[in-house]
Amino acid sequence: MNIKIKRILLNTRVIVLIVFLLFALIAINPKLFGNDGVSIRNVVTNSSASLAGIESPSSNLMPLAKERIIAINSQEISSLEDYNDFIITKLAPNRTFIFETDKGSYSLKVNDELDLGLKISDAPTSNLRKGLDLEGGTRALLKPQEEVSEEVLEITIENLKQRLNVYGLSDIVVRSASDLSGDNFILVEMAGVTEEEVKDLLSKQGKFEAKISNETVFFGGEKDITYVCRSADCSGIDPNRGCSRGDNGYACRFFFAITLTPEAAQRQADVTDKLTVSTEDGDTYLSEDLVLLLDDKEVDSLRIGAELKGRATTNIQISGSGVGTTEAEAVTNSLDNMKRLQTIIITGSLPVKLDVVKMDTISPSLGQEFLDNVLLVGLLAILAVITVVLIRYRKVKIVVPMVLTMVSEIILILGFAALVGWNLDLAAIAGIIIVVGTGVDHLIIITDETVKGNVSYDWKRKLKNAMFIVFGAYLTTCAGMIPLWSAGAGLLKGFAFTTIVGISFGVLIARPAYAAIIEKLLKND
Amino acid sequence: MRKKLQAVYEKKYKLLLLIPFILLVLALLQLGIQYSMTGDFVNKGVSLKGGSTITISNDPLVDIDNLESYLKEQFPRGDINVRTISSGGRVVSVAIDSDAQETEEIEILINAMTDKIGSEIEYNIEVMGSSLGKSFFKETLVALLIAFILMGIVVLIYFRTFVPSIAVILAAFSDMVVTLAIFNIVGSFTGMKLSTAGIAAFLMLIGYSVDTDILLSSRLLKRKEGSLMERVYGAMRTGLTMSSTTLMAVLIAMIFVQSEVIKQIMVILFIGLLVDLVMTWIQNVGILRLYLEKKKSK
């Protein structure tokens with residue numbers, strides 16, 4: 001027996017499989033005993049966290065490589081609950097807290113709103129990225145309103161990415177997709193984000209204009225605006241006007257300062273120079289207002305002080321409002337509106353208008369349940385397969401290598417997924433089901449051709465016969481999957497991709513190793 | 001009994017060939033009737049037709065019949081359908097399919113549900129625009145056509161004969177058409193409608209159908225040992241083991257999985273694998289035997 005095992009382990013095909021499995025395991029890097037701390041998912045620009053030096057993780061980073069908070073003020077943080085407890089009970093405005101992460105230590109000064117600007121999730125236990133179906137989040141499919149060139153589409157995608165990043169989301173996937181009739185789409189996947197938060201950011205073209213007497217004085221974007229203030233000293237709820245009670249609740253005003261380029265400031269001076277001065281309640285204003293428009297809809301209109309007439313001032317204050325049924329809600333909504341407007345002004349207009357053709361929200365709690373259930377069902381299905389195979393072959397020497405091969409194939413797919421950073425979602429799970437299913441089919445073919453096959457052939461010939469069938473089925477299935485790659489706006493791509501990659505690993509690496517193992521185990525038996 | 005069956009299977013294979021073709025004709029007839037009655041070949045769910053699905057948890061328990069009649073009364077013109085999603089015999093969540101697509105429409109629907117159920121509900125919404133739904137379905141059909149052609153070419157190159165490659169494609173095609181018709185009939189009793197994931201399941205059938213057909217063609221065309229029938233039975237022993245492992249796994253998943261999407265995939269695979277038995281071991285065997293006999297007599 002020992003000699004047999006030694007022979008198996010020295011077989012080239014088995015060695016290849018083991019090497020690939022090791023690579024896959026290194027890529028997945030499962031932390032079987034859990035991982036300490038909580039993982040930093042996003043850092044909002046100019047927030048307390050960002051000012052303290054914590055960086056927003058790049059979206060290409062492997063999940064385990066993301067920075068983790070391990071302790072705050074020497075109190076250990078081991079789960080999301082610990083973190084939330086700390087935030088709710090211990091956080092106080094204008095105090096400094098020491099955040100210790102696996103990469104260093106930061107002192108955060110907490111602002112008045114107690115908003116640290118951190119998005120936190122439980123520390124990952126492996127490098128596998130859970131897709132939306134498993135983790136919850138929003139998936140949106142956008143379609144340009146007019147036909148655009150590849151180049152314009154790329155610019156739009158870059159612009160959208162920047163817009164979402166500036167808004168404070170880094171854990172996002174934005175990519176182009178097309179269907180067979182050549183229509184282009186943009187697919188956006190955002191884990192852990194709700195639809196309401198991002199709908200405006202995605203569907204608005206974001207053409208921001210400031211007009212005085214119907215003449216545009218400046219646009220959003222870096223051509224006209226060099227700086228947009230997002231720190232507490234020059235943005236927030238307007239201290240002079242604050243919140244007021246209206247008919248249907250409360251309304252609050254927000255403001256933030258921006259800096260114009262000298263050219264834009266000059267344009268404004270040229271227009272204001274032509275206006276007349278009028279007096280209201282003892283203050284002097286110019287005869288026309290500065291009207292702020294977003295996608296040709298007015299967001300706000302501001303009086304211009306008389307002292308600005310004809311002056312090329314580069315510092316401007318932008319304002320707007322938000323409403324809510326309670327004062328607290330109105331404040332939150334105003335600040336959200338402010339953040340969105342700031343984002344759009346910084347990143348400028350998209351080259352093309354986008355329609356939202358499909359938007360799914362997946363609630364994270366259903367996601368976790370879903371994952372637990374899928375794992376349980378997967379295990380039961382494997383047990384069912386083992387039972388059938390045991391009944392047919394009645395040999396542990398066949399069934400054990402078969403099960404090990406099945407498990408190896410799953411590990412290989414997952415390892416590949418971790419390595420290329422692709423999200424495991426429903427399409428990927430469907431792909432894995434078909435890979436494992438046809439995998440078992442092929443192992444049965446190999447077994448029947450070799451162990452049960454014609455006695456007059458030698459093993460080499462038997463193996464050749466088996467691999468002929470396996471390869472034929474493999475090539476035909478691949479031929480069937482390739483057209484799906486490009487069909488249906490990329491919604492079937494994940495399925496086709498997982499299937500092709502998975503059966504390739506199976507046919508080229510795992511299944512030949514299985515053949516080698518049973519040959520060594522059963523030859524001359 | 002067994003001997004009798006065996007004799008029929010071996011001698012009357014030409015007559016038996018009628019079975020898969022009658023099935024195919026009946027299936028096409030069903031699809032035709034479905035088309036003339038509903039304007040579509042298949043009962044499309046909201047993900048293909050456009051609309052939304054709202055899923056709520058069944059904890060606390062939801063009175064489904066009551067909820068459905070209430071919603072239908074509230075929105076007489078809306079295409080509303082309430083389904084339950086169960087796992088291991090326990091109803092875990094309730095799905096409300098409707099043609100509501102606009103945020104406002106969905107909000108009204110959710111408000112009506114909250115009123116009825118009377119507590120804060122945690123829900124999960126999936127919205128799909130009808131324009132995409134329609135083009136998506138057409139796209140998938142075109143993709144399938146291309147897939148069949150490519151598969152045909154691969155089999156043709158692999159076996160270098162025309163007949164088996166036609167037989168493989170015919171088997172895969174018949175499998176899908178008959179499965180679709182059966183799915184329609186099952187759907188008319190259970191209210192199950194085809195979703196985008198269901199389409200993925202039909203595509204997965206290609207993989208399973210191809211496996212058994214290539215096995216059969218290889219054994220019949222490339223091997224010389226034993227009689228023709230011995231080779232057929234040899235292939236069948238392997239093929240039935242393959243199908244029964246998959247059928248068992250699919251059956252288990254069908255019973256225990258919570259996700260409506262995966263459940264539908266499993267239902268379609270289950271029907272498809274059963275149909276594939278007929279298409280491989282009667283249709284494909286019959287065609288290959290006819291072909292080999294003709295070749296021999298030449």
# chains A, B, ... in the order shown; residues from 1 in each chain; ligands from 1
$ interface_residues --of "chain A" --to "chain B" --cutoff "7 Å" --atoms "only C-alpha atoms" --output "PyMOL selection string"
chain A and resi 180+357-363+370+373-374+377+380-382+384-385+388+434+437-438+441+444-445+448+469+472-473+475-477+479-481+483-484+487-488
$ residues_around --residues "Thr347 in chain A" --least-positions-apart "6" --cutoff "8 Å" --atoms "only C-alpha atoms" --output "NGL selection string"
:A and (159 or 162-163 or 166 or 220-222)
$ select_by_dssp --residues "range 9-67 of chain B" --states "alpha helix (DSSP H)" --output "PyMOL selection string"
chain B and resi 9-11+13-16+18-38+46-49+64-67
$ atom_distance --atom1 "CA of Ala27 in chain B" --atom2 "CA of Tyr291 in chain B"
25.9 Å
$ residues_around --residues "Val174 in chain A" --least-positions-apart "2" --cutoff "8 Å" --atoms "only C-alpha atoms" --output "VMD selection string"
chain A and resid 157 160 to 161 172 176 186 to 189
$ write_last_selection --atoms "C-alpha atoms" --output "short mmCIF file (atom, residue, chain, number, x, y, z; two decimals), in the first residue's frame"
data_model
loop_
_atom_site.label_atom_id
_atom_site.label_comp_id
_atom_site.auth_asym_id
_atom_site.auth_seq_id
_atom_site.Cartn_x
_atom_site.Cartn_y
_atom_site.Cartn_z
CA ILE A 157 -16.88 54.60 -16.94
CA LEU A 160 -18.51 57.24 -12.92
CA LYS A 161 -15.78 55.42 -11.00
CA ILE A 172 -17.22 48.95 -6.55
CA SER A 176 -18.79 48.00 -19.84
CA ILE A 186 -22.43 49.99 -18.14
CA LEU A 187 -22.71 47.55 -15.26
CA VAL A 188 -22.17 48.93 -11.77
CA GLU A 189 -21.97 46.68 -8.72
#
$ select_by_dssp --residues "range 118-220 of chain A" --states "strand (DSSP E or B)" --output "ChimeraX atom specification"
/A:118-122,130,137-144,172-178,184-191,208-212,215-219
$ atom_distance --atom1 "CA of Asn94 in chain A" --atom2 "CA of Leu108 in chain A"
9.6 Å
$ decode --residues "range 1-18 of chain B" --atoms "N, CA and C atoms" --output "mmCIF file, in the first residue's frame"
data_model
loop_
_atom_site.group_PDB
_atom_site.id
_atom_site.type_symbol
_atom_site.label_atom_id
_atom_site.label_comp_id
_atom_site.auth_asym_id
_atom_site.auth_seq_id
_atom_site.Cartn_x
_atom_site.Cartn_y
_atom_site.Cartn_z
ATOM 1 N N MET B 1 -39.979 -10.439 -18.210
ATOM 2 C CA MET B 1 -40.333 -9.023 -18.405
ATOM 3 C C MET B 1 -39.128 -8.249 -18.925
ATOM 4 N N ARG B 2 -37.995 -8.410 -18.192
ATOM 5 C CA ARG B 2 -36.805 -7.687 -18.559
ATOM 6 C C ARG B 2 -36.333 -8.099 -19.963
ATOM 7 N N LYS B 3 -36.417 -9.407 -20.202
ATOM 8 C CA LYS B 3 -35.990 -9.933 -21.504
ATOM 9 C C LYS B 3 -36.866 -9.375 -22.616
ATOM 10 N N LYS B 4 -38.154 -9.287 -22.318
ATOM 11 C CA LYS B 4 -39.105 -8.783 -23.298
ATOM 12 C C LYS B 4 -38.762 -7.337 -23.671
ATOM 13 N N LEU B 5 -38.529 -6.554 -22.614
ATOM 14 C CA LEU B 5 -38.178 -5.148 -22.818
ATOM 15 C C LEU B 5 -36.919 -5.035 -23.663
ATOM 16 N N GLN B 6 -35.968 -5.902 -23.290
ATOM 17 C CA GLN B 6 -34.687 -5.889 -23.978
ATOM 18 C C GLN B 6 -34.881 -6.214 -25.458
ATOM 19 N N ALA B 7 -35.761 -7.210 -25.714
ATOM 20 C CA ALA B 7 -36.025 -7.610 -27.092
ATOM 21 C C ALA B 7 -36.643 -6.463 -27.879
ATOM 22 N N VAL B 8 -37.606 -5.788 -27.244
ATOM 23 C CA VAL B 8 -38.240 -4.650 -27.919
ATOM 24 C C VAL B 8 -37.195 -3.580 -28.210
ATOM 25 N N TYR B 9 -36.342 -3.289 -27.180
ATOM 26 C CA TYR B 9 -35.341 -2.228 -27.317
ATOM 27 C C TYR B 9 -34.363 -2.544 -28.438
ATOM 28 N N GLU B 10 -34.029 -3.862 -28.568
ATOM 29 C CA GLU B 10 -33.029 -4.228 -29.564
ATOM 30 C C GLU B 10 -33.607 -4.332 -30.967
ATOM 31 N N LYS B 11 -34.834 -4.914 -31.067
ATOM 32 C CA LYS B 11 -35.375 -5.209 -32.401
ATOM 33 C C LYS B 11 -36.207 -4.066 -32.962
ATOM 34 N N LYS B 12 -37.028 -3.462 -32.098
ATOM 35 C CA LYS B 12 -37.995 -2.484 -32.621
ATOM 36 C C LYS B 12 -37.475 -1.047 -32.509
ATOM 37 N N TYR B 13 -36.157 -0.880 -32.666
ATOM 38 C CA TYR B 13 -35.642 0.462 -32.393
ATOM 39 C C TYR B 13 -36.185 1.517 -33.348
ATOM 40 N N LYS B 14 -36.558 1.054 -34.588
ATOM 41 C CA LYS B 14 -37.116 2.015 -35.532
ATOM 42 C C LYS B 14 -38.465 2.515 -35.048
ATOM 43 N N LEU B 15 -39.263 1.571 -34.510
ATOM 44 C CA LEU B 15 -40.574 1.941 -33.994
ATOM 45 C C LEU B 15 -40.420 2.832 -32.758
ATOM 46 N N LEU B 16 -39.448 2.446 -31.904
ATOM 47 C CA LEU B 16 -39.212 3.215 -30.676
ATOM 48 C C LEU B 16 -38.789 4.650 -30.996
ATOM 49 N N LEU B 17 -38.099 4.810 -32.140
ATOM 50 C CA LEU B 17 -37.657 6.141 -32.545
ATOM 51 C C LEU B 17 -38.836 7.117 -32.631
ATOM 52 N N LEU B 18 -40.042 6.533 -32.840
ATOM 53 C CA LEU B 18 -41.234 7.388 -32.920
ATOM 54 C C LEU B 18 -41.457 8.147 -31.613
#
